[in-house]
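**Student:** For reference, this is my_file_23.txt, and it has compact mmCIF, C-alpha atoms and all ligand atoms.
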# COMPACT_ATOMS: atom_id res chain seq x y z
CA MET A 14 4.97 -15.81 -13.72
CA ASN A 15 1.88 -15.24 -15.76
CA ASN A 16 -1.34 -15.97 -14.08
CA ILE A 17 -4.87 -15.41 -15.21
CA THR A 18 -7.54 -15.32 -12.55
CA ASN A 19 -11.07 -14.14 -13.01
CA GLY A 20 -10.46 -12.00 -16.07
CA THR A 21 -7.37 -10.54 -14.48
CA THR A 22 -3.98 -10.62 -16.09
CA ALA A 23 -0.84 -10.34 -14.04
CA THR A 24 1.51 -8.17 -16.04
CA PRO A 25 5.18 -8.91 -15.62
CA VAL A 26 7.41 -6.41 -13.92
CA ASN A 27 9.33 -4.50 -16.57
CA GLU A 28 12.69 -2.88 -16.13
CA LEU A 29 11.85 0.39 -17.79
CA TRP A 30 15.18 2.06 -17.35
CA ASP A 31 18.30 1.58 -15.30
CA GLY A 32 16.98 1.47 -11.74
CA ILE A 33 13.32 1.92 -12.65
CA LEU A 34 10.71 -0.84 -12.63
CA LEU A 35 7.19 -0.63 -13.97
CA LEU A 36 4.23 -2.79 -13.03
CA SER A 37 0.93 -2.00 -14.69
CA VAL A 38 -1.98 -3.56 -12.89
CA PHE A 39 -5.32 -4.35 -14.50
CA GLY A 40 -8.55 -5.76 -13.16
CA THR A 41 -8.98 -6.67 -9.54
CA ILE A 42 -6.36 -6.96 -6.81
CA ASP A 43 -7.33 -9.67 -4.36
CA SER A 44 -5.14 -11.02 -1.58
CA ALA A 45 -3.60 -13.82 -3.69
CA ARG A 46 -2.83 -11.41 -6.51
CA SER A 47 -1.32 -8.85 -4.18
CA LYS A 48 0.88 -11.47 -2.57
CA GLU A 49 2.10 -12.55 -5.99
CA MET A 50 2.70 -8.92 -6.99
CA MET A 51 4.71 -8.27 -3.86
CA GLU A 52 6.88 -11.36 -4.30
CA THR A 53 7.56 -10.68 -7.97
CA MET A 54 8.30 -7.05 -7.22
CA LEU A 55 10.72 -7.75 -4.37
CA ALA A 56 12.59 -10.38 -6.37
CA LYS A 57 12.94 -8.01 -9.29
CA VAL A 58 14.13 -5.14 -7.09
CA VAL A 59 16.84 -7.34 -5.61
CA GLN A 60 17.78 -8.73 -9.03
CA THR A 61 18.07 -5.33 -10.71
CA SER A 62 19.00 -3.14 -7.70
CA ALA A 63 16.10 -0.92 -8.70
CA LYS A 64 15.61 2.34 -6.86
CA VAL A 65 12.15 3.26 -8.02
CA ILE A 66 9.07 1.22 -8.73
CA VAL A 67 6.19 2.66 -10.67
CA LEU A 68 2.93 0.90 -9.92
CA ASP A 69 0.39 1.99 -12.50
CA ILE A 70 -3.17 1.35 -11.33
CA LEU A 71 -5.08 3.09 -14.12
CA GLY A 72 -6.49 -0.31 -15.13
CA VAL A 73 -7.72 -1.15 -11.64
CA ALA A 74 -11.47 -0.58 -11.51
CA VAL A 75 -12.13 -0.31 -7.82
CA VAL A 76 -9.63 0.88 -5.26
CA ASP A 77 -11.30 0.04 -1.97
CA SER A 78 -9.73 -0.18 1.48
CA ALA A 79 -8.51 -3.74 0.91
CA VAL A 80 -6.79 -2.77 -2.34
CA ALA A 81 -5.33 0.34 -0.73
CA ASN A 82 -4.05 -1.79 2.11
CA HIS A 83 -2.40 -4.18 -0.37
CA LEU A 84 -0.79 -1.27 -2.21
CA LEU A 85 0.45 0.22 1.05
CA LYS A 86 1.96 -3.12 2.03
CA ILE A 87 3.73 -3.49 -1.30
CA GLY A 88 5.06 0.04 -0.88
CA ARG A 89 6.30 -0.66 2.64
CA ALA A 90 7.98 -3.95 1.71
CA THR A 91 9.78 -2.46 -1.28
CA LYS A 92 10.79 0.54 0.84
CA LEU A 93 12.34 -1.85 3.36
CA ILE A 94 14.47 -3.59 0.77
CA GLY A 95 15.59 -0.30 -0.74
CA ALA A 96 13.25 1.04 -3.40
CA ASP A 97 10.61 3.75 -3.40
CA THR A 98 7.18 3.17 -4.90
CA ILE A 99 5.29 5.69 -6.98
CA ILE A 100 1.65 4.89 -7.62
CA SER A 101 0.54 6.32 -10.93
CA GLY A 102 -2.73 6.31 -12.80
CA ILE A 103 -4.91 7.76 -10.05
CA SER A 104 -7.96 8.64 -12.13
CA PRO A 105 -10.23 11.49 -10.95
CA GLU A 106 -12.89 8.96 -9.86
CA VAL A 107 -10.37 6.94 -7.87
CA ALA A 108 -8.99 10.12 -6.30
CA VAL A 109 -12.46 11.19 -5.15
CA THR A 110 -13.22 7.71 -3.88
CA LEU A 111 -9.98 7.50 -1.89
CA VAL A 112 -10.69 10.84 -0.23
CA GLU A 113 -14.29 9.91 0.59
CA LEU A 114 -13.24 6.52 1.89
CA GLY A 115 -10.79 8.27 4.17
CA ILE A 116 -7.67 6.43 3.16
CA ASP A 117 -4.31 7.77 4.24
CA LEU A 118 -1.70 6.71 1.70
CA GLU A 119 1.06 7.66 4.18
CA ALA A 120 4.35 8.43 2.50
CA THR A 121 3.29 6.93 -0.83
CA ILE A 122 3.95 9.20 -3.78
CA THR A 123 1.04 9.31 -6.19
CA THR A 124 0.66 10.80 -9.66
CA ALA A 125 -2.26 11.17 -12.05
CA ASN A 126 -0.44 9.70 -14.99
CA LEU A 127 2.51 7.60 -16.01
CA SER A 128 4.56 10.44 -17.46
CA ASP A 129 4.54 12.39 -14.18
CA ALA A 130 5.62 9.21 -12.42
CA LEU A 131 8.43 8.70 -14.91
CA GLN A 132 9.60 12.28 -14.49
CA LEU A 133 9.85 11.71 -10.73
CA ALA A 134 11.54 8.35 -11.24
CA PHE A 135 14.16 9.91 -13.51
CA ASP A 136 14.77 12.69 -10.99
CA ARG A 137 15.22 10.09 -8.31
CA THR A 138 17.69 8.03 -10.31
CA GLY A 139 19.61 11.08 -11.47
CA TYR A 140 18.58 11.20 -15.11
CA THR A 141 17.40 14.24 -17.01
CA ILE A 142 15.31 13.97 -20.14
CA GLU A 143 16.19 16.45 -22.83
CA GLN A 144 14.76 16.99 -26.25
CA SER A 145 17.46 17.08 -28.90
CA LYS A 146 17.39 20.24 -30.96
CA MET B 14 33.10 -1.79 10.23
CA TYR B 15 35.03 0.69 8.22
CA ALA B 16 34.86 4.29 7.20
CA ASN B 17 35.15 5.01 3.54
CA ARG B 18 34.80 8.32 1.73
CA ASN B 19 33.76 9.78 5.08
CA ILE B 20 30.91 7.34 5.27
CA LEU B 21 30.65 5.00 8.19
CA VAL B 22 29.42 1.53 7.31
CA LEU B 23 28.00 -0.48 10.18
CA THR B 24 26.69 -4.03 10.14
CA VAL B 25 23.77 -5.04 12.32
CA PRO B 26 24.40 -8.43 13.98
CA ALA B 27 21.80 -11.14 13.34
CA ASP B 28 20.32 -11.16 16.85
CA ILE B 29 19.68 -7.42 17.09
CA THR B 30 19.86 -7.27 20.87
CA SER B 31 19.73 -3.89 22.58
CA THR B 32 23.41 -4.38 23.41
CA ASP B 33 24.15 -4.80 19.69
CA ILE B 34 22.40 -1.54 18.95
CA ALA B 35 24.19 0.18 21.83
CA HIS B 36 27.46 -0.80 20.15
CA LEU B 37 26.29 0.77 16.91
CA TYR B 38 25.37 3.94 18.80
CA ASP B 39 28.82 4.04 20.42
CA GLU B 40 30.47 3.56 17.06
CA ILE B 41 28.53 6.41 15.47
CA SER B 42 29.09 8.73 18.42
CA SER B 43 32.83 8.14 18.55
CA VAL B 44 33.35 8.50 14.80
CA ALA B 45 31.04 11.52 14.63
CA ALA B 46 33.04 13.16 17.40
CA THR B 47 36.17 13.13 15.24
CA GLY B 48 34.29 15.14 12.59
CA GLY B 49 34.22 14.99 8.81
CA LEU B 50 31.63 12.24 8.68
CA GLN B 51 29.10 12.51 5.86
CA GLY B 52 26.69 9.79 6.70
CA VAL B 53 26.06 6.30 8.03
CA VAL B 54 25.26 3.15 6.11
CA VAL B 55 23.56 0.44 8.14
CA ASP B 56 24.07 -2.94 6.52
CA CYS B 57 21.21 -5.28 7.50
CA SER B 58 22.25 -8.31 5.43
CA LYS B 59 23.01 -10.44 8.50
CA ILE B 60 19.44 -10.16 9.73
CA LEU B 61 17.53 -13.34 8.84
CA ALA B 62 14.45 -12.63 10.91
CA ALA B 63 13.20 -9.64 12.84
CA ASP B 64 10.09 -8.71 14.76
CA THR B 65 8.71 -5.19 14.82
CA ILE B 66 10.46 -4.37 18.12
CA GLN B 67 13.81 -5.31 16.65
CA ALA B 68 13.05 -3.45 13.44
CA ARG B 69 12.20 -0.30 15.34
CA ARG B 70 15.39 -0.73 17.34
CA VAL B 71 17.42 -0.85 14.11
CA PHE B 72 15.70 2.14 12.54
CA ARG B 73 16.24 4.23 15.68
CA VAL B 74 19.87 4.39 14.61
CA ALA B 75 18.72 7.01 12.08
CA LYS B 76 17.45 9.15 14.96
CA LEU B 77 20.80 9.04 16.70
CA ALA B 78 22.62 9.83 13.47
CA ARG B 79 20.35 12.84 13.00
CA LEU B 80 21.51 14.22 16.35
CA TYR B 81 24.94 14.55 14.71
CA ARG B 82 23.31 15.99 11.59
CA LEU B 83 24.08 12.80 9.71
CA SER B 84 21.82 10.84 7.37
CA ALA B 85 21.56 7.11 7.76
CA VAL B 86 20.75 4.72 4.93
CA PHE B 87 19.63 1.19 5.74
CA CYS B 88 20.56 -1.39 3.16
CA CYS B 89 20.52 -5.06 2.25
CA ILE B 90 17.34 -5.94 4.10
CA ARG B 91 16.35 -9.40 2.91
CA GLU B 92 13.12 -10.00 1.03
CA GLY B 93 11.84 -12.49 3.59
CA VAL B 94 12.51 -10.08 6.44
CA ALA B 95 10.70 -7.29 4.59
CA THR B 96 7.61 -9.36 3.81
CA ALA B 97 7.40 -10.73 7.34
CA LEU B 98 7.66 -7.23 8.85
CA VAL B 99 4.97 -5.90 6.55
CA GLU B 100 2.69 -8.77 7.53
CA LEU B 101 3.28 -7.76 11.14
CA ASP B 102 2.00 -4.33 10.13
CA PHE B 103 5.38 -2.66 10.45
CA LYS B 104 5.55 0.78 8.84
CA PRO B 105 9.04 1.91 7.86
CA GLY B 106 7.97 5.56 7.57
CA ASP B 107 10.38 7.99 5.99
CA VAL B 108 13.67 6.15 6.54
CA GLN B 109 16.20 6.02 3.73
CA THR B 110 16.88 2.58 2.27
CA ALA B 111 18.98 1.04 -0.48
CA THR B 112 19.40 -2.41 -1.98
CA THR B 113 23.20 -2.58 -1.70
CA VAL B 114 25.98 -0.97 0.33
CA ASP B 115 27.27 0.75 -2.81
CA GLN B 116 23.89 2.18 -3.57
CA ALA B 117 23.52 3.37 0.00
CA MET B 118 26.84 5.18 -0.28
CA GLN B 119 25.84 6.78 -3.56
CA GLN B 120 22.64 7.93 -1.95
CA LEU B 121 24.55 9.63 0.84
CA GLU B 122 26.81 11.33 -1.67
CA ARG B 123 23.86 12.64 -3.64
CA PRO B 124 21.36 13.66 -1.00
CA ASP B 125 19.57 15.88 -3.51
CA VAL B 126 17.84 12.92 -5.12
CA ASN B 127 15.82 11.81 -2.15
CA LEU B 128 12.36 11.18 -3.54
CA ALA B 129 10.65 11.17 -0.17
CA ALA B 130 11.82 14.73 0.42
CA SER B 131 10.58 16.07 -2.90
CA MET C 13 -33.34 -7.11 -9.37
CA MET C 14 -30.06 -8.97 -9.28
CA TYR C 15 -28.78 -11.32 -6.65
CA VAL C 16 -25.14 -12.29 -6.14
CA PRO C 17 -24.17 -14.78 -3.45
CA ILE C 18 -20.82 -14.03 -1.83
CA ASP C 19 -19.14 -17.34 -1.16
CA ALA C 20 -15.66 -16.72 -2.49
CA GLU C 21 -13.39 -13.70 -2.78
CA GLU C 22 -14.00 -13.39 -6.53
CA ASP C 23 -17.74 -13.03 -5.93
CA ILE C 24 -17.02 -9.59 -4.48
CA ALA C 25 -15.65 -8.39 -7.83
CA ARG C 26 -18.74 -9.84 -9.52
CA ALA C 27 -21.11 -7.96 -7.23
CA VAL C 28 -19.11 -4.78 -7.80
CA ALA C 29 -19.16 -5.19 -11.58
CA MET C 30 -22.91 -5.82 -11.53
CA THR C 31 -23.49 -2.72 -9.44
CA GLU C 32 -21.52 -0.66 -11.97
CA GLU C 33 -23.45 -2.22 -14.84
CA ALA C 34 -26.82 -1.55 -13.26
CA MET C 35 -25.85 2.05 -12.57
CA SER C 36 -24.53 2.47 -16.08
CA ALA C 37 -27.87 1.31 -17.44
CA GLU C 38 -29.61 3.87 -15.23
CA GLY C 39 -27.42 6.63 -16.64
CA PHE C 40 -25.18 7.30 -13.65
CA GLY C 41 -21.87 9.02 -14.36
CA LEU C 42 -18.46 7.50 -13.80
CA THR C 43 -17.66 9.15 -10.48
CA GLN C 44 -20.95 8.22 -8.86
CA ARG C 45 -20.63 4.69 -10.22
CA ARG C 46 -17.16 4.26 -8.82
CA MET C 47 -18.11 5.67 -5.44
CA MET C 48 -21.08 3.35 -5.11
CA ALA C 49 -19.15 0.36 -6.49
CA THR C 50 -16.46 0.97 -3.90
CA ALA C 51 -19.05 1.17 -1.12
CA VAL C 52 -20.48 -2.18 -2.28
CA SER C 53 -16.97 -3.61 -2.43
CA GLU C 54 -16.42 -2.58 1.20
CA LEU C 55 -19.68 -4.10 2.42
CA ALA C 56 -19.33 -7.32 0.42
CA THR C 57 -15.74 -7.66 1.62
CA ASN C 58 -16.96 -7.27 5.20
CA ALA C 59 -19.52 -10.02 4.68
CA TYR C 60 -16.84 -12.27 3.22
CA VAL C 61 -14.10 -11.44 5.73
CA HIS C 62 -16.06 -11.03 8.95
CA ALA C 63 -18.97 -13.39 8.28
CA THR C 64 -17.33 -15.86 5.79
CA LYS C 65 -20.23 -15.44 3.34
CA GLY C 66 -23.22 -13.35 2.44
CA ALA C 67 -25.30 -12.04 -0.44
CA VAL C 68 -25.67 -8.86 -2.47
CA THR C 69 -28.97 -7.70 -3.98
CA ILE C 70 -29.07 -4.89 -6.51
CA ALA C 71 -32.38 -3.15 -7.17
CA ARG C 72 -33.61 -0.15 -9.17
CA LEU C 73 -35.40 2.57 -7.34
CA GLY C 74 -38.11 4.47 -9.12
CA GLY C 75 -40.79 6.87 -8.11
CA THR C 76 -41.37 10.54 -7.69
CA GLY C 77 -37.97 11.30 -6.15
CA GLY C 78 -36.15 10.36 -9.35
CA SER C 79 -34.36 7.14 -10.15
CA GLY C 80 -31.76 5.40 -8.14
CA ILE C 81 -30.03 2.19 -7.25
CA GLU C 82 -30.21 0.28 -4.00
CA VAL C 83 -27.72 -2.36 -2.97
CA THR C 84 -28.34 -4.59 0.02
CA VAL C 85 -25.51 -6.62 1.48
CA GLU C 86 -26.46 -9.20 4.06
CA ASP C 87 -24.91 -12.02 5.94
CA GLN C 88 -25.76 -14.49 8.69
CA GLY C 89 -22.48 -14.03 10.47
CA PRO C 90 -21.62 -13.12 14.06
CA GLY C 91 -23.03 -9.59 13.80
CA ILE C 92 -21.22 -6.43 14.78
CA LYS C 93 -20.66 -6.31 18.52
CA ASP C 94 -20.40 -2.55 18.83
CA LEU C 95 -21.87 -0.84 15.81
CA GLU C 96 -21.08 2.66 17.03
CA GLN C 97 -17.43 1.78 17.37
CA ALA C 98 -17.40 -0.07 14.02
CA MET C 99 -18.51 3.15 12.33
CA VAL C 100 -15.46 5.03 13.64
CA ASP C 101 -12.60 5.57 11.18
CA GLY C 102 -9.65 3.35 11.90
CA TYR C 103 -11.52 0.83 14.02
CA SER C 104 -10.88 -2.74 12.92
CA THR C 105 -10.91 -6.08 14.67
CA ALA C 106 -9.02 -7.59 11.74
CA GLY C 107 -5.86 -5.47 11.72
CA SER C 108 -7.14 -3.80 8.58
CA LEU C 109 -7.43 -0.07 7.83
CA GLY C 110 -10.86 0.09 9.48
CA VAL C 111 -12.34 2.52 6.99
CA GLY C 112 -14.79 0.19 5.25
CA LEU C 113 -18.01 1.03 7.10
CA PRO C 114 -17.50 4.77 7.68
CA GLY C 115 -16.13 4.98 4.12
CA ALA C 116 -19.18 3.24 2.63
CA GLN C 117 -21.38 5.70 4.50
CA ARG C 118 -19.54 8.66 2.97
CA LEU C 119 -19.50 7.13 -0.51
CA ALA C 120 -23.22 6.42 -0.75
CA ASP C 121 -26.07 8.93 -0.85
CA GLU C 122 -27.93 6.91 1.75
CA PHE C 123 -26.59 4.33 4.13
CA SER C 124 -28.15 2.17 6.81
CA ILE C 125 -26.94 -0.82 8.75
CA HIS C 126 -28.56 -3.26 11.16
CA SER C 127 -26.76 -5.94 13.01
CA THR C 128 -27.87 -8.54 15.51
CA ALA C 129 -25.47 -10.60 17.59
CA ASP C 130 -25.18 -14.16 16.22
CA LYS C 131 -27.88 -13.46 13.60
CA GLY C 132 -26.05 -11.34 11.09
CA THR C 133 -25.73 -7.96 9.44
CA VAL C 134 -27.72 -6.12 6.78
CA ALA C 135 -26.33 -3.00 5.17
CA VAL C 136 -28.16 -0.95 2.56
CA VAL C 137 -26.62 1.72 0.34
CA ARG C 138 -28.42 3.92 -2.15
CA ALA C 139 -27.35 6.29 -4.90
CA TRP C 140 -29.74 8.77 -6.48
CA LEU C 141 -29.65 10.25 -9.92
CA VAL C 142 -30.44 13.92 -9.53
N1 LIG D 1 -20.57 -8.05 8.16
C1 LIG D 1 -19.92 -7.99 9.33
N2 LIG D 1 -20.05 -8.99 10.25
C2 LIG D 1 -19.39 -8.93 11.43
N3 LIG D 1 -18.58 -7.93 11.79
C3 LIG D 1 -18.40 -6.92 10.93
C4 LIG D 1 -19.06 -6.89 9.66
N4 LIG D 1 -18.71 -5.74 9.02
C5 LIG D 1 -17.90 -5.09 9.85
N5 LIG D 1 -17.69 -5.79 11.01
C6 LIG D 1 -16.88 -5.36 12.16
O1 LIG D 1 -16.73 -3.95 12.13
C7 LIG D 1 -15.36 -3.59 12.06
C8 LIG D 1 -15.18 -2.36 11.18
O2 LIG D 1 -15.51 -2.66 9.82
P1 LIG D 1 -14.77 -1.85 8.65
O3 LIG D 1 -15.23 -2.37 7.35
O4 LIG D 1 -14.96 -0.40 8.91
O5 LIG D 1 -13.24 -2.18 8.89
P2 LIG D 1 -12.44 -3.52 8.53
O6 LIG D 1 -13.27 -4.43 7.70
O7 LIG D 1 -11.89 -4.10 9.78
O8 LIG D 1 -11.22 -2.96 7.69
P3 LIG D 1 -11.28 -2.37 6.18
O9 LIG D 1 -12.68 -2.41 5.74
O10 LIG D 1 -10.76 -0.98 6.27
O11 LIG D 1 -10.40 -3.24 5.37
C9 LIG D 1 -14.65 -4.83 11.54
O12 LIG D 1 -13.31 -4.89 11.95
C10 LIG D 1 -15.51 -5.94 12.17
O13 LIG D 1 -15.13 -6.18 13.49
MG MG D 2 -14.18 -3.75 5.96
Is it possible to give me this structure as structure tokens?
**Tutor:**
Amino acid sequence: MNNITNGTTATPVNELWDGILLLSVFGTIDSARSKEMMETMLAKVVQTSAKVIVLDILGVAVVDSAVANHLLKIGRATKLIGADTIISGISPEVAVTLVELGIDLEATITTANLSDALQLAFDRTGYTIEQSK
Amino acid sequence: MYANRNILVLTVPADITSTDIAHLYDEISSVAATGGLQGVVVDCSKILAADTIQARRVFRVAKLARLYRLSAVFCCIREGVATALVELDFKPGDVQTATTVDQAMQQLERPDVNLAAS
Amino acid sequence: MMYVPIDAEEDIARAVAMTEEAMSAEGFGLTQRRMMATAVSELATNAYVHATKGAVTIARLGGTGGSGIEVTVEDQGPGIKDLEQAMVDGYSTAGSLGVGLPGAQRLADEFSIHSTADKGTVAVVRAWLV
């Protein structure tokens, strides 16, 4: 499902590794977009038996309460069907904004960048990354 | 309902009445009493629709399991059920979930990789 | 001065982008821009969600106190019944997070809101370059 709305591109959900899915989000997240993201995500989790979803929001300009609410809902729905969500790409500006807004991201795990999220995802799925000598 | 590798697998009936849940409680209590149990898998695949009251009822099984120092993993919750519950503003909190029964069992055997606890 | 009518959900993103642009032109840094843009997003979303439509006006502020940006978000909706309660964190009549108004107040340097039953709501946020 590829859908372009208002300068926004819906990136497909990628199976990054065994049990790990990645969805990079760019642009704005409105209610239609979030609904589509949730559906695509849930279908992919079921299809791949994924354990961890990494939702990278570095490309999302404004994370307001509506967006946060959408992200929380996606996290809750995926949790229910059996996968944990890590939200990565929390830029310093977004971090400050979330704190000032007063948003409680509940049990959601957040990381500043994608590599921290991947490290956590690998831990969760039982993989260790090692550099060959 | 069967116990495998010291893991008790229970299936939640479609209706999720309080009597249904009481049966699950009884099952856990009686198996836990015999000892050697490692954890409980709660298979939710039969559930086709659930409201938040029913969902809370199901997830309370984890609380009972904890009284016996057992972890419970809920699995096979259908996509439609999950989306509907989220729309009803249901918050699963820190329960353990898995997509399949096998995965739930693996999770109980490797409790060290619980992301929520890290 | 820029004027953006809010008639559809995508108009909110437009108002937000224009706020960022205007602030960028004034020389505001990224953090301040994002904070203000998010405040505008909250207010414009309120106009759209709670009053079905509204309008956003973006204006430059000059003068002795330094330069700044002022964004006015207004609507002719039902008005806010209990403004004091609406400003409390977690209060929402829409089953939402209920942080929009108190959040916008914290995100902006200056915040004011006026609401009249059945007439509508006007919220003004300002950011100053210091
Ligand atoms: N422009 C408006 N017109 C009418 N009522 C409003 C308006 N803005 C806010 N309200 C009322 O004030 C309440 C609080 O607003 P606030 O933005 O803080 O929360 P919310 O919009 O319900 O949720 P959130 O913004 O967190 O998604 C709203 O639920 C609504 O009842
Ligand atoms: Mg709001």
**Student:** Mind checking which residues fall within 12 Å of C:Asp130, counting all atoms listed in the file, ignoring those fewer than 3 positions away in the same chain, and posting them as a VMD selection string?
**Tutor:** chain C and resid 63 87 to 93 127 133
**Student:** Please identify the residues whose atoms come within 7 Å of ligand LIG 1 (chain D), using all atoms listed in the file, and report them as an NGL selection string.
**Tutor:** (:A and (78-79)) or (:C and (54-55 or 58-59 or 62-63 or 87 or 89-92 or 98-99 or 101 or 103-114 or 132-133))
**Student:** I'd like a table as a Markdown table: residues in chain A with an atom no more than 12 Å from ligand MG 2 (chain D), each row giving the shortest atom pair and its distance in Å to one decimal, all atoms listed in the file counted, sorted by chain and rising residue number.
**Tutor:**
| residue | atom | partner | partner_atom | distance |
| --- | --- | --- | --- | --- |
| A:Asp77 | CA | D:MG2 | MG | 9.2 |
| A:Ser78 | CA | D:MG2 | MG | 7.3 |
| A:Ala79 | CA | D:MG2 | MG | 7.6 |
| A:Val80 | CA | D:MG2 | MG | 11.2 |
| A:Ala81 | CA | D:MG2 | MG | 11.8 |
| A:Asn82 | CA | D:MG2 | MG | 11.0 |
| A:Leu114 | CA | D:MG2 | MG | 11.1 |
**Student:** What is the distance between atom CA of B:Ile20 and atom CA of B:Met118, in Å to one decimal?
**Tutor:**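 Taking atom CA of B:Ile20 as the start and atom CA of B:Met118 as the end point, the length is 7.2 Å.
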**Student:** Name the residues in contact with C:Ala37 at a cut-off of 12 Å, using all atoms listed in the file, excluding same-chain residues fewer than 6 positions from it; report them as a list in words.
**Tutor:**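 Using all atoms listed in the file, the neighbours found are Met30, Thr31, Arg45, Arg72, Ser79, Gly80, Ile81 and Leu141 of chain C.
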**Student:** Select all residues near (26.6, 13.2, 8.0) (cut-off 10 Å, inclusive, file coordinates), counting all atoms listed in the file, and output them as a list in words.
**Tutor:**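 Checking each residue against the 10 Å limit leaves Asn19, Ile20, Leu21, Ala45, Gly48, Gly49, Leu50, Gln51, Gly52, Val53, Ala78, Arg79, Leu80, Tyr81, Arg82, Leu83, Ser84, Ala85, Leu121 and Glu122 of chain B.
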**Student:** What is the atom CA of C:Ala56-atom CA of A:Val107 distance in Å, reported with one decimal?
**Tutor:**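 Interatomic distance here is 18.8 Å.
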**Student:** Taking only C-alpha atoms into account, report as JSON, numbers by chain which residues of chain C lie within 10 Å of chain A.
**Tutor:** {"C": [21, 22, 23, 24, 25, 26, 28, 29, 42, 43, 44, 45, 46, 47, 48, 49, 50, 51, 52, 53, 54, 57, 101, 102, 108, 109, 110, 111, 112, 113, 114, 115, 116, 117, 118, 119, 120]}
**Student:** Start from the incomplete input, build all heavy atoms for stretch 77-82 of chain A, and deliver everything as a PDB file, in the coordinates of the input.
**Tutor:**
ATOM      1  N   ASP A  77     -10.637  -0.038  -3.269  1.00  0.00           N
ATOM      2  CA  ASP A  77     -11.300   0.040  -1.970  1.00  0.00           C
ATOM      3  C   ASP A  77     -10.252  -0.085  -0.864  1.00  0.00           C
ATOM      4  O   ASP A  77      -9.051  -0.092  -1.139  1.00  0.00           O
ATOM      5  CB  ASP A  77     -12.391  -1.042  -1.858  1.00  0.00           C
ATOM      6  CG  ASP A  77     -11.820  -2.449  -1.934  1.00  0.00           C
ATOM      7  OD1 ASP A  77     -10.588  -2.594  -1.998  1.00  0.00           O
ATOM      8  OD2 ASP A  77     -12.609  -3.408  -1.928  1.00  0.00           O
ATOM      9  N   SER A  78     -10.706  -0.185   0.381  1.00  0.00           N
ATOM     10  CA  SER A  78      -9.730  -0.180   1.480  1.00  0.00           C
ATOM     11  C   SER A  78      -8.814  -1.399   1.435  1.00  0.00           C
ATOM     12  O   SER A  78      -7.644  -1.306   1.793  1.00  0.00           O
ATOM     13  CB  SER A  78     -10.458  -0.104   2.822  1.00  0.00           C
ATOM     14  OG  SER A  78     -11.262  -1.244   3.010  1.00  0.00           O
ATOM     15  N   ALA A  79      -9.348  -2.545   0.977  1.00  0.00           N
ATOM     16  CA  ALA A  79      -8.510  -3.740   0.910  1.00  0.00           C
ATOM     17  C   ALA A  79      -7.406  -3.555  -0.126  1.00  0.00           C
ATOM     18  O   ALA A  79      -6.243  -3.888   0.125  1.00  0.00           O
ATOM     19  CB  ALA A  79      -9.363  -4.959   0.579  1.00  0.00           C
ATOM     20  N   VAL A  80      -7.782  -3.020  -1.287  1.00  0.00           N
ATOM     21  CA  VAL A  80      -6.790  -2.770  -2.340  1.00  0.00           C
ATOM     22  C   VAL A  80      -5.757  -1.755  -1.860  1.00  0.00           C
ATOM     23  O   VAL A  80      -4.549  -1.950  -2.019  1.00  0.00           O
ATOM     24  CB  VAL A  80      -7.464  -2.289  -3.646  1.00  0.00           C
ATOM     25  CG1 VAL A  80      -6.430  -1.811  -4.654  1.00  0.00           C
ATOM     26  CG2 VAL A  80      -8.310  -3.402  -4.249  1.00  0.00           C
ATOM     27  N   ALA A  81      -6.246  -0.677  -1.233  1.00  0.00           N
ATOM     28  CA  ALA A  81      -5.330   0.340  -0.730  1.00  0.00           C
ATOM     29  C   ALA A  81      -4.364  -0.261   0.279  1.00  0.00           C
ATOM     30  O   ALA A  81      -3.169   0.028   0.260  1.00  0.00           O
ATOM     31  CB  ALA A  81      -6.115   1.483  -0.087  1.00  0.00           C
ATOM     32  N   ASN A  82      -4.899  -1.127   1.121  1.00  0.00           N
ATOM     33  CA  ASN A  82      -4.050  -1.790   2.110  1.00  0.00           C
ATOM     34  C   ASN A  82      -2.983  -2.657   1.440  1.00  0.00           C
ATOM     35  O   ASN A  82      -1.831  -2.649   1.851  1.00  0.00           O
ATOM     36  CB  ASN A  82      -4.944  -2.645   3.024  1.00  0.00           C
ATOM     37  CG  ASN A  82      -4.311  -2.889   4.379  1.00  0.00           C
ATOM     38  OD1 ASN A  82      -3.375  -2.193   4.779  1.00  0.00           O
ATOM     39  ND2 ASN A  82      -4.804  -3.890   5.076  1.00  0.00           N
TER      40      ASN A  82
END
